[in-house]
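Undergrad: This is the structure, below, for whatever I ask next.
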Amino acid sequence: MPLLYFIKRLAPSFTLFMIVQFIIRMIFTIWKFQALGAYDILKSLSFGLVFDVATYSLFILPYVFYLLLLPARWYNTRFDRIATHVAFILFAGLVIFDIASEYAFWQEFSVRFNFIAVDYLVYAREVLGNIWESYPVIPISLGILVVIGVVYVVMRGRLIPSSFGSVSFSSKIGFIGGFLLLTFIGYQALSLRNKIISDNTYANEIAANGIYSLFSAFKNNELSYEKFYITYEDLEKTPLPAVEVAEVRSNNPQQLKNVVFVTMESMSAEFMKRYGAKGDFTPNLDFLALNSLNFSNLYATGTRTVRGLEALTLSIPPSPGRSILKRPNNENLFSLGYIFKDRGYRTKFIYGGYGYFDNMNYFYENNGFDIVDRTDLADDEITFSNTWGVADEDLFKKTIKEARKDYDEGKPFMYMVMTTSNHRPYTFPENAANIPVEGGGRIAGVRYADFAIGRFLEEAKKEPWFEDTVFIFVADHTAGAAGKSSLPPSRYHIPAMFYAPALIKPRDVSKVASQIDLPVTLLSVLGFDYKSLFAGGDILQSSFKERAFIATYQKLGIYQDDRVTFVEPVKSYGVEDKQGTLETKPKGASGSLLSVVTNYERASLWNINHKKLPSTLATGAQLTKDLH
């Protein structure tokens with residue numbers, strides 16, 4: 001029968017695909033077994049089976065159309081055999097390679113492929129270099145080739161049935177029509193996966209299919225807030241109020257002090273002894289926490305470096321999809337750089353890697369900063385580097401050299417410095433403070449990053465500009481934000497401190513706050529008066545309303561009063577306690593929900609629709625000049 005013939009043609013690829021996906025799912029289930037209940041596991045495996053069938057139907061469509069277009073008289077010919085065998089080898093290679101790549105991605109992020117994987121495909125040099133330096137690539141590649149070879153040897157006799165009888169064009173159409181119907185039903189099931197499985201994020205991720213998730217991330221890299229999310233008008237039945245320019249007047253006298261804003265790669269608060277680390281991994285940061293204006297309850301807005309930089313430079317909550325750093329029309333926004341530049345500061349973005357990565361150089365040079373990246377370091381200024389950039393010690397030495405130059409020219413300076421050493425593959429100069437390089441992993445990276453900060457401050461103290469400088473140390477994001485819930489506040493907790501022994505009295509500020517509040521707080525400490533479009537607040541003011549913005553690329557939340565109120569696509573919202581338990585009808589949630597919607601919708605109007613500031617304000621630089 002023709003139908004049976006077509007089923008036999010697809011059976012080998014279907015069998016291989018389902019076995020591989022089951023293996024991946026079981027690996028992840030065992031990996032996160034303690035965070036899953038028995039019912040979660042059952043649902044993950046059951047729905048996962050459905051999602052795998054749906055993904056296979058999409059993935060195999062090119063071969064199905066090949067069978068449709070190939071004349072029946074060519075079936076089982078030499079051409080058909082060669083084409084089918086080559087197609088199966090390629091299919092097997094992609095499916096088996098998926099095991100290795102998903103394993104590595106899960107090890108880093110505890111999720112299936114998402115927009116991060118899409119970004120990684122764009123920046124192949126850094127990513128391939130990172131893989132080469134982090135994993136035994138040659139043995140893994142040889143192992144993959146061996147497995148592909150074994151699979152082919154086992155399956156090759158089943159790829160083309162020996163006989164098929166008479167196949168009419170109408171029977172082809174019938175088979176293709178049924179297959180397309182199955183594909184459509186499967187696609188609808190895939191689009192609903194986040195809504196019908198579990199409140200446990202790990203269960204959702206395990207049920208998902210990584211191959212489909214990767215292609216879905218391509219599609220959803222940008223999300224229209226108005227199309228997918230609850231809007232202010234949905235709640236209040238009136239349009240969102242326009243953004244008002246705020247006249248900010250500081251209670252402190254203006255001080256044109258230097259600022260060195262150090263953004264630390266992946267430095268979770270949990271690595272510090274002050275916040276419960278069992279080891280003494282960060283003696284320098286722990287010292288700074290006791291001798292700084294320390295914000296002990298501050299949270300990252302997202303899970304990527306670009307999100308941290310966006311929050312610290314523009315003081316806005318994140319919008320769904322891509323960061324503003326990577327969007328078109330992101331020039332001349334109201335930024336921290338323009339406020340300092342208009343006061344005569346030398347403003348620089350200093351980065352140890354190549355700043356084209358994640359579009360950082362373009363964003364900063366078009367928003368008030370000069371660029372100093374790896375291309376500006378001479379060979380004798382680099383003692384060590386890996387695929388992400390030079391060692392943090394080299395980066396800080398370059399920072400001191402730039403500061404010395406600007407100071408000698410009589411210019412105050414404001415630098416945004418981005419570190420890289422605390423990033424896989426966690427490599428750094430040999431014998432740095434006796435930190436093991438080989439096999440040290442994440443903790444070795446943390447220890448070296450802390451060591452480099454200590455050395456940086458030791459050297460800075462020798463400079464004549466040290467006593468007139470405010471040093472800010474804050475993480476871009478944590479080492480990993482994945483958890484049982486999708487927005488676990490503890491997984492966004494980061495260190496943040498202002499260090500200036502001659503200028504700022506040490507104390508601890510335990511208010512719940514966000515990265516977007518640090519720029520406003522800094523300007524207050526320096527006594528700057530300015531017109532503002534910043535969304536953040538001054539943490540030191542008694543009127544400051546405690547809350548923290550925390551988000552993934554789709555789920556946008558505010559952590560306030562020990563709960564996370566969030567909005568997500570398909571006009572959905574909810575509230576979780578800080579342990580991640582979903583509250584169905586939380587008391588008093590409407591006010592928090594309105595706050596979430598107002599802030600995130602406003603940020604999205606600026607960013608996702610690529611709208612610049614209102615024309616009456618022109619650029620960020622011109623806005624600050626209006627005050628003088």
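Every chain in the structure tokens takes a letter, A first, then B, and so on in the order presented; its residues are numbered from 1, and the ligands are numbered from 1 following the presented order.
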Residues within 10 Å of A:Met418, please, as a VMD selection string. Count only C-alpha atoms; anything in the same chain fewer than 5 positions from it doesn't count.
TA: chain A and resid 261 to 265 305 309 349 to 353 373 392 395 to 396 475 to 476
Undergrad: Those selected residues, please, written with N, CA, C and O atoms and delivered as a compact mmCIF listing (two decimals), in the first residue's frame.
TA:
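Written output follows (selection06.txt):
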# COMPACT_ATOMS: atom_id res chain seq x y z
N PHE A 261 32.93 53.20 36.98
CA PHE A 261 31.76 52.32 37.13
C PHE A 261 32.16 50.93 36.63
O PHE A 261 32.19 50.67 35.43
N VAL A 262 32.52 50.03 37.53
CA VAL A 262 32.99 48.70 37.16
C VAL A 262 31.82 47.72 37.16
O VAL A 262 31.21 47.47 38.20
N THR A 263 31.50 47.20 35.98
CA THR A 263 30.46 46.19 35.86
C THR A 263 31.13 44.82 35.81
O THR A 263 31.89 44.53 34.88
N MET A 264 30.86 44.00 36.80
CA MET A 264 31.56 42.73 36.98
C MET A 264 30.78 41.59 36.32
O MET A 264 29.60 41.40 36.60
N GLU A 265 31.45 40.85 35.46
CA GLU A 265 30.82 39.75 34.76
C GLU A 265 30.36 38.66 35.72
O GLU A 265 31.13 38.15 36.54
N THR A 305 24.58 40.29 29.89
CA THR A 305 25.40 41.49 30.08
C THR A 305 24.73 42.71 29.48
O THR A 305 24.73 43.79 30.08
N LEU A 309 24.05 46.39 31.27
CA LEU A 309 24.57 47.64 30.73
C LEU A 309 23.44 48.60 30.36
O LEU A 309 23.54 49.82 30.56
N PHE A 349 33.75 54.05 27.52
CA PHE A 349 33.37 52.66 27.75
C PHE A 349 34.63 51.83 27.54
O PHE A 349 35.21 51.82 26.44
N ILE A 350 35.09 51.15 28.59
CA ILE A 350 36.36 50.43 28.55
C ILE A 350 36.06 48.94 28.72
O ILE A 350 35.49 48.51 29.73
N TYR A 351 36.47 48.17 27.73
CA TYR A 351 36.11 46.75 27.66
C TYR A 351 37.32 45.93 27.24
O TYR A 351 38.06 46.32 26.34
N GLY A 352 37.52 44.79 27.88
CA GLY A 352 38.69 43.98 27.61
C GLY A 352 38.58 43.09 26.39
O GLY A 352 39.56 42.50 25.95
N GLY A 353 37.37 42.98 25.83
CA GLY A 353 37.18 42.18 24.62
C GLY A 353 36.98 43.08 23.41
O GLY A 353 37.23 44.28 23.45
N ASP A 373 38.59 49.46 23.69
CA ASP A 373 38.42 48.02 23.81
C ASP A 373 39.72 47.30 23.49
O ASP A 373 40.79 47.92 23.48
N ASP A 392 41.37 40.49 33.56
CA ASP A 392 40.87 41.66 34.29
C ASP A 392 42.01 42.55 34.78
O ASP A 392 41.88 43.77 34.81
N LEU A 395 42.91 44.75 31.98
CA LEU A 395 41.84 45.73 31.78
C LEU A 395 41.95 46.87 32.79
O LEU A 395 41.84 48.05 32.44
N PHE A 396 42.19 46.53 34.05
CA PHE A 396 42.27 47.56 35.09
C PHE A 396 43.53 48.42 34.94
O PHE A 396 43.51 49.62 35.22
N ALA A 475 27.48 43.92 39.63
CA ALA A 475 27.47 42.84 38.64
C ALA A 475 26.55 43.19 37.49
O ALA A 475 25.57 43.92 37.65
N ASP A 476 26.85 42.63 36.31
CA ASP A 476 25.93 42.80 35.19
C ASP A 476 24.72 41.89 35.34
O ASP A 476 23.60 42.25 35.01
Undergrad: Considering only C-alpha atoms, return as a list of chain:residue names whatever protein or nucleic-acid residues lie within 9 Å of A:Ile24, sequence-local ones (same chain, fewer than 3 positions apart) excluded.
TA: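 Everything that qualifies: A:Ile19, A:Val20, A:Gln21, A:Ile27, A:Phe28, A:Thr29, A:Asp98, A:Ile99, A:Glu102, A:Tyr103, A:Ile206.
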Undergrad: Pull C-alpha atoms from the residues just selected and write them as a PDB file, in the first residue's frame.
TA:
ATOM      1  CA  ILE A  19      15.170   8.011  20.853  1.00  0.00           C
ATOM      2  CA  VAL A  20      17.603  10.938  20.919  1.00  0.00           C
ATOM      3  CA  GLN A  21      15.020  13.363  22.310  1.00  0.00           C
ATOM      4  CA  ILE A  27      19.406  13.445  31.209  1.00  0.00           C
ATOM      5  CA  PHE A  28      17.796  16.752  32.169  1.00  0.00           C
ATOM      6  CA  THR A  29      15.225  15.018  34.382  1.00  0.00           C
ATOM      7  CA  ASP A  98      21.892  18.298  19.387  1.00  0.00           C
ATOM      8  CA  ILE A  99      22.650  16.062  22.377  1.00  0.00           C
ATOM      9  CA  GLU A 102      21.972  21.034  24.422  1.00  0.00           C
ATOM     10  CA  TYR A 103      23.942  19.396  27.228  1.00  0.00           C
ATOM     11  CA  ILE A 206      12.419  19.469  30.176  1.00  0.00           C
TER      12      ILE A 206
END
Undergrad: Let's see if you can do this: from backbone DSSP, list all strand (DSSP E) residues in stretch 287-459 of chain A, as a list in words.
TA: Leu293, Asn294, Phe295, Leu298, Tyr299, Arg346, Thr347, Lys348, Phe349, Ile350, Tyr351, Asp370, Ile371, Val372, Ser385, Asn386, Gly389, Val390, Phe413, Met414, Tyr415, Met416, Val417 and Met418 of chain A
Undergrad: Could you tell me, as a ChimeraX atom specification, which residues of stretch 153-358 of chain A DSSP assigns to helix (DSSP H, G or I) when given the backbone?
TA: /A:153-158,169-191,201-207,210-219,225-228,232-236,269-271,273-275,283-290,305-314,324-326,336-341,357-358
Undergrad: Env of stretch 228-230 of chain A: 12 Å cut, atoms = only C-alpha atoms, seq-sep filter 5 positions within chain, self excluded. Answer as JSON, numbers by chain.
TA: {"A": [220, 222, 223, 235, 236, 237, 240, 319, 320, 321, 554, 555, 556, 566, 567, 568, 569, 570, 571, 572, 573, 574, 593, 594, 595, 596, 597, 598, 599, 600, 601, 604]}
Undergrad: What's the 12 Å shell around A:Gly308, counting only C-alpha atoms, without same-chain residues fewer than 6 positions away, as a ChimeraX atom specification?
TA: /A:262-267,299-302,314-318,323-325,360,416,418,474-478,492,494,514-518,549-551
Undergrad: Provide the atom CA of A:Arg112 to atom CA of A:Ser421 distance in Å, to one decimal place.
TA: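 Between atom CA of A:Arg112 and atom CA of A:Ser421 the gap is 25.1 Å.
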Undergrad: Give the answer as one residue: which of A:Ser44, A:Ser57, A:Ser268, A:Thr303 has the shortest atom-to-atom distance to A:Ile185, using only C-alpha atoms?
TA: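 Under the stated criterion, the closest residue is A:Ser57.
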Undergrad: Which residues are close to A:Lys348, i.e. within 9 Å by only C-alpha atoms, leaving aside same-chain residues fewer than 3 positions away? Reply as an NGL selection string.
TA: :A and (337 or 364-365 or 368-372 or 413-417)
Undergrad: Any chance you could export the current selection's all heavy atoms as a CSV table (one decimal), in the first residue's frame?
TA:
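Here's the written file part.csv:
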chain,number,residue,atom,x,y,z
A,337,GLY,N,25.9,58.8,30.2
A,337,GLY,CA,27.1,59.4,29.5
A,337,GLY,C,26.9,60.9,29.2
A,337,GLY,O,27.8,61.7,29.4
A,364,TYR,N,27.5,52.5,22.7
A,364,TYR,CA,28.1,53.5,23.6
A,364,TYR,C,28.7,54.7,22.8
A,364,TYR,O,28.6,55.8,23.3
A,364,TYR,CB,29.2,52.8,24.4
A,364,TYR,CG,28.7,52.1,25.7
A,364,TYR,CD1,28.4,50.8,25.7
A,364,TYR,CD2,28.3,52.9,26.8
A,364,TYR,CE1,27.9,50.2,26.9
A,364,TYR,CE2,27.7,52.3,27.9
A,364,TYR,CZ,27.5,51.0,27.9
A,364,TYR,OH,26.9,50.4,29.1
A,365,GLU,N,29.3,54.4,21.7
A,365,GLU,CA,29.8,55.6,20.9
A,365,GLU,C,28.7,56.5,20.4
A,365,GLU,O,29.0,57.6,20.0
A,365,GLU,CB,30.7,55.1,19.8
A,365,GLU,CG,30.1,54.4,18.7
A,365,GLU,CD,31.1,53.9,17.7
A,365,GLU,OE1,32.3,54.1,17.9
A,365,GLU,OE2,30.7,53.2,16.7
A,368,GLY,N,27.1,58.9,24.0
A,368,GLY,CA,27.9,59.8,24.9
A,368,GLY,C,29.2,59.3,25.4
A,368,GLY,O,29.8,59.9,26.3
A,369,PHE,N,29.7,58.2,24.8
A,369,PHE,CA,31.0,57.6,25.3
A,369,PHE,C,32.0,57.5,24.2
A,369,PHE,O,31.6,57.2,23.0
A,369,PHE,CB,30.7,56.2,25.9
A,369,PHE,CG,30.0,56.2,27.2
A,369,PHE,CD1,28.6,56.3,27.2
A,369,PHE,CD2,30.6,56.2,28.4
A,369,PHE,CE1,27.8,56.3,28.4
A,369,PHE,CE2,29.9,56.2,29.6
A,369,PHE,CZ,28.5,56.2,29.6
A,370,ASP,N,33.3,57.6,24.5
A,370,ASP,CA,34.3,57.2,23.7
A,370,ASP,C,34.6,55.7,24.0
A,370,ASP,O,34.3,55.2,25.1
A,370,ASP,CB,35.6,58.0,23.9
A,370,ASP,CG,35.4,59.5,23.5
A,370,ASP,OD1,34.7,59.7,22.6
A,370,ASP,OD2,36.0,60.3,24.2
A,371,ILE,N,35.2,55.0,23.0
A,371,ILE,CA,35.4,53.5,23.1
A,371,ILE,C,36.9,53.2,23.4
A,371,ILE,O,37.8,53.7,22.7
A,371,ILE,CB,34.9,52.8,21.9
A,371,ILE,CG1,33.5,53.1,21.6
A,371,ILE,CG2,35.1,51.3,22.0
A,371,ILE,CD1,32.5,52.7,22.7
A,372,VAL,N,37.2,52.4,24.4
A,372,VAL,CA,38.5,51.7,24.6
A,372,VAL,C,38.2,50.2,24.7
A,372,VAL,O,37.7,49.8,25.7
A,372,VAL,CB,39.2,52.3,25.8
A,372,VAL,CG1,40.5,51.6,26.0
A,372,VAL,CG2,39.4,53.8,25.7
A,413,PHE,N,36.8,62.5,34.8
A,413,PHE,CA,36.5,61.4,34.0
A,413,PHE,C,35.4,60.5,34.6
A,413,PHE,O,35.2,60.4,35.8
A,413,PHE,CB,37.7,60.5,33.7
A,413,PHE,CG,38.5,60.1,34.9
A,413,PHE,CD1,38.1,58.9,35.6
A,413,PHE,CD2,39.6,60.8,35.3
A,413,PHE,CE1,38.9,58.5,36.7
A,413,PHE,CE2,40.3,60.4,36.4
A,413,PHE,CZ,40.0,59.3,37.1
A,414,MET,N,34.6,59.9,33.7
A,414,MET,CA,33.6,59.0,34.0
A,414,MET,C,33.7,57.8,33.1
A,414,MET,O,33.5,57.9,31.9
A,414,MET,CB,32.2,59.6,33.9
A,414,MET,CG,31.0,58.7,34.4
A,414,MET,SD,30.4,57.6,33.1
A,414,MET,CE,29.2,56.7,34.0
A,415,TYR,N,34.0,56.6,33.7
A,415,TYR,CA,34.3,55.4,32.9
A,415,TYR,C,33.2,54.3,33.2
A,415,TYR,O,32.9,54.1,34.4
A,415,TYR,CB,35.7,54.8,33.1
A,415,TYR,CG,36.8,55.7,32.8
A,415,TYR,CD1,38.1,55.5,33.5
A,415,TYR,CD2,36.7,56.8,31.9
A,415,TYR,CE1,39.1,56.4,33.2
A,415,TYR,CE2,37.8,57.6,31.6
A,415,TYR,CZ,39.0,57.4,32.3
A,415,TYR,OH,40.1,58.2,32.0
A,416,MET,N,32.8,53.6,32.2
A,416,MET,CA,32.0,52.4,32.3
A,416,MET,C,33.0,51.3,31.9
A,416,MET,O,33.4,51.2,30.8
A,416,MET,CB,30.8,52.4,31.4
A,416,MET,CG,29.7,53.4,31.7
A,416,MET,SD,28.8,53.1,33.2
A,416,MET,CE,27.9,51.7,32.8
A,417,VAL,N,33.3,50.5,32.9
A,417,VAL,CA,34.3,49.4,32.7
A,417,VAL,C,33.6,48.0,32.8
A,417,VAL,O,33.0,47.8,33.8
A,417,VAL,CB,35.5,49.5,33.7
A,417,VAL,CG1,36.5,48.4,33.5
A,417,VAL,CG2,36.1,50.9,33.7
Undergrad: What's around A:Gln107 at 12 Å? Count only C-alpha atoms, leave out sequence neighbours fewer than 5 positions away in its own chain, and write the answer as a PDB file with N, CA, C and O atoms, in the first residue's frame.
TA:
ATOM      1  N   ILE A  27      18.206  12.838  30.610  1.00  0.00           N
ATOM      2  CA  ILE A  27      19.406  13.445  31.209  1.00  0.00           C
ATOM      3  C   ILE A  27      19.022  14.665  32.030  1.00  0.00           C
ATOM      4  O   ILE A  27      19.462  14.833  33.182  1.00  0.00           O
ATOM      5  N   PHE A  28      18.186  15.532  31.466  1.00  0.00           N
ATOM      6  CA  PHE A  28      17.796  16.752  32.169  1.00  0.00           C
ATOM      7  C   PHE A  28      16.909  16.438  33.377  1.00  0.00           C
ATOM      8  O   PHE A  28      16.976  17.119  34.404  1.00  0.00           O
ATOM      9  N   TRP A  31      19.158  15.334  36.064  1.00  0.00           N
ATOM     10  CA  TRP A  31      19.951  16.488  36.481  1.00  0.00           C
ATOM     11  C   TRP A  31      19.192  17.333  37.498  1.00  0.00           C
ATOM     12  O   TRP A  31      19.760  17.819  38.480  1.00  0.00           O
ATOM     13  N   LYS A  32      17.886  17.533  37.271  1.00  0.00           N
ATOM     14  CA  LYS A  32      17.082  18.395  38.133  1.00  0.00           C
ATOM     15  C   LYS A  32      16.046  17.601  38.942  1.00  0.00           C
ATOM     16  O   LYS A  32      15.018  18.142  39.347  1.00  0.00           O
ATOM     17  N   ALA A 100      24.933  16.902  22.317  1.00  0.00           N
ATOM     18  CA  ALA A 100      26.119  17.552  22.875  1.00  0.00           C
ATOM     19  C   ALA A 100      25.881  19.043  23.098  1.00  0.00           C
ATOM     20  O   ALA A 100      26.235  19.590  24.147  1.00  0.00           O
ATOM     21  N   SER A 101      25.269  19.707  22.134  1.00  0.00           N
ATOM     22  CA  SER A 101      25.088  21.154  22.242  1.00  0.00           C
ATOM     23  C   SER A 101      24.059  21.515  23.311  1.00  0.00           C
ATOM     24  O   SER A 101      24.247  22.469  24.074  1.00  0.00           O
ATOM     25  N   GLU A 102      22.973  20.748  23.385  1.00  0.00           N
ATOM     26  CA  GLU A 102      21.972  21.034  24.422  1.00  0.00           C
ATOM     27  C   GLU A 102      22.524  20.748  25.818  1.00  0.00           C
ATOM     28  O   GLU A 102      22.211  21.454  26.778  1.00  0.00           O
ATOM     29  N   ARG A 112      16.435  25.084  27.936  1.00  0.00           N
ATOM     30  CA  ARG A 112      16.611  24.689  26.541  1.00  0.00           C
ATOM     31  C   ARG A 112      17.120  25.892  25.745  1.00  0.00           C
ATOM     32  O   ARG A 112      17.195  27.007  26.243  1.00  0.00           O
ATOM     33  N   PHE A 113      17.434  25.651  24.465  1.00  0.00           N
ATOM     34  CA  PHE A 113      17.884  26.746  23.628  1.00  0.00           C
ATOM     35  C   PHE A 113      16.874  27.892  23.658  1.00  0.00           C
ATOM     36  O   PHE A 113      15.666  27.674  23.594  1.00  0.00           O
ATOM     37  N   ARG A 424      33.047  31.575  31.457  1.00  0.00           N
ATOM     38  CA  ARG A 424      33.612  30.377  30.861  1.00  0.00           C
ATOM     39  C   ARG A 424      34.484  30.763  29.671  1.00  0.00           C
ATOM     40  O   ARG A 424      34.067  31.573  28.864  1.00  0.00           O
ATOM     41  N   ARG A 442      34.054  27.743  37.651  1.00  0.00           N
ATOM     42  CA  ARG A 442      33.413  29.004  38.012  1.00  0.00           C
ATOM     43  C   ARG A 442      34.009  29.640  39.257  1.00  0.00           C
ATOM     44  O   ARG A 442      34.269  30.848  39.293  1.00  0.00           O
ATOM     45  N   ALA A 479      25.405  34.518  38.082  1.00  0.00           N
ATOM     46  CA  ALA A 479      26.010  33.404  37.359  1.00  0.00           C
ATOM     47  C   ALA A 479      24.970  32.486  36.741  1.00  0.00           C
ATOM     48  O   ALA A 479      25.280  31.699  35.851  1.00  0.00           O
ATOM     49  N   GLY A 480      23.735  32.573  37.192  1.00  0.00           N
ATOM     50  CA  GLY A 480      22.658  31.760  36.627  1.00  0.00           C
ATOM     51  C   GLY A 480      21.351  32.120  37.276  1.00  0.00           C
ATOM     52  O   GLY A 480      21.231  32.119  38.496  1.00  0.00           O
ATOM     53  N   ALA A 482      18.352  30.637  36.459  1.00  0.00           N
ATOM     54  CA  ALA A 482      17.358  29.575  36.364  1.00  0.00           C
ATOM     55  C   ALA A 482      17.009  29.060  37.754  1.00  0.00           C
ATOM     56  O   ALA A 482      17.839  28.995  38.654  1.00  0.00           O
TER      57      ALA A 482
END
Undergrad: Just how far from atom CA of A:Tyr354 is atom CA of A:Leu288, in Å to one decimal?
TA: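 Separation between atom CA of A:Leu288 and atom CA of A:Tyr354: 29.2 Å.
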Undergrad: Go ahead and compute the interatomic distance for atom CA of A:Phe59 and atom CA of A:Phe215, in Å to one decimal.
TA: 10.5 Å
Undergrad: Quick one: residues within 8 Å of stretch 445-462 of chain A, only C-alpha atoms, excluding same-chain residues fewer than 4 positions away - as a list in words?
TA: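 Contacts, with the query itself left out: Met267, Phe271, Phe281, Thr282, Pro283, Asn284, Leu285, Asp392, Glu393, Phe396, Lys397, Ile400, Ser421, Asn422, His423, Tyr426, Thr427, Phe428, Ala432, Ala433, Ile435, Gly440, Gly441, Phe466 and Glu467 of chain A.
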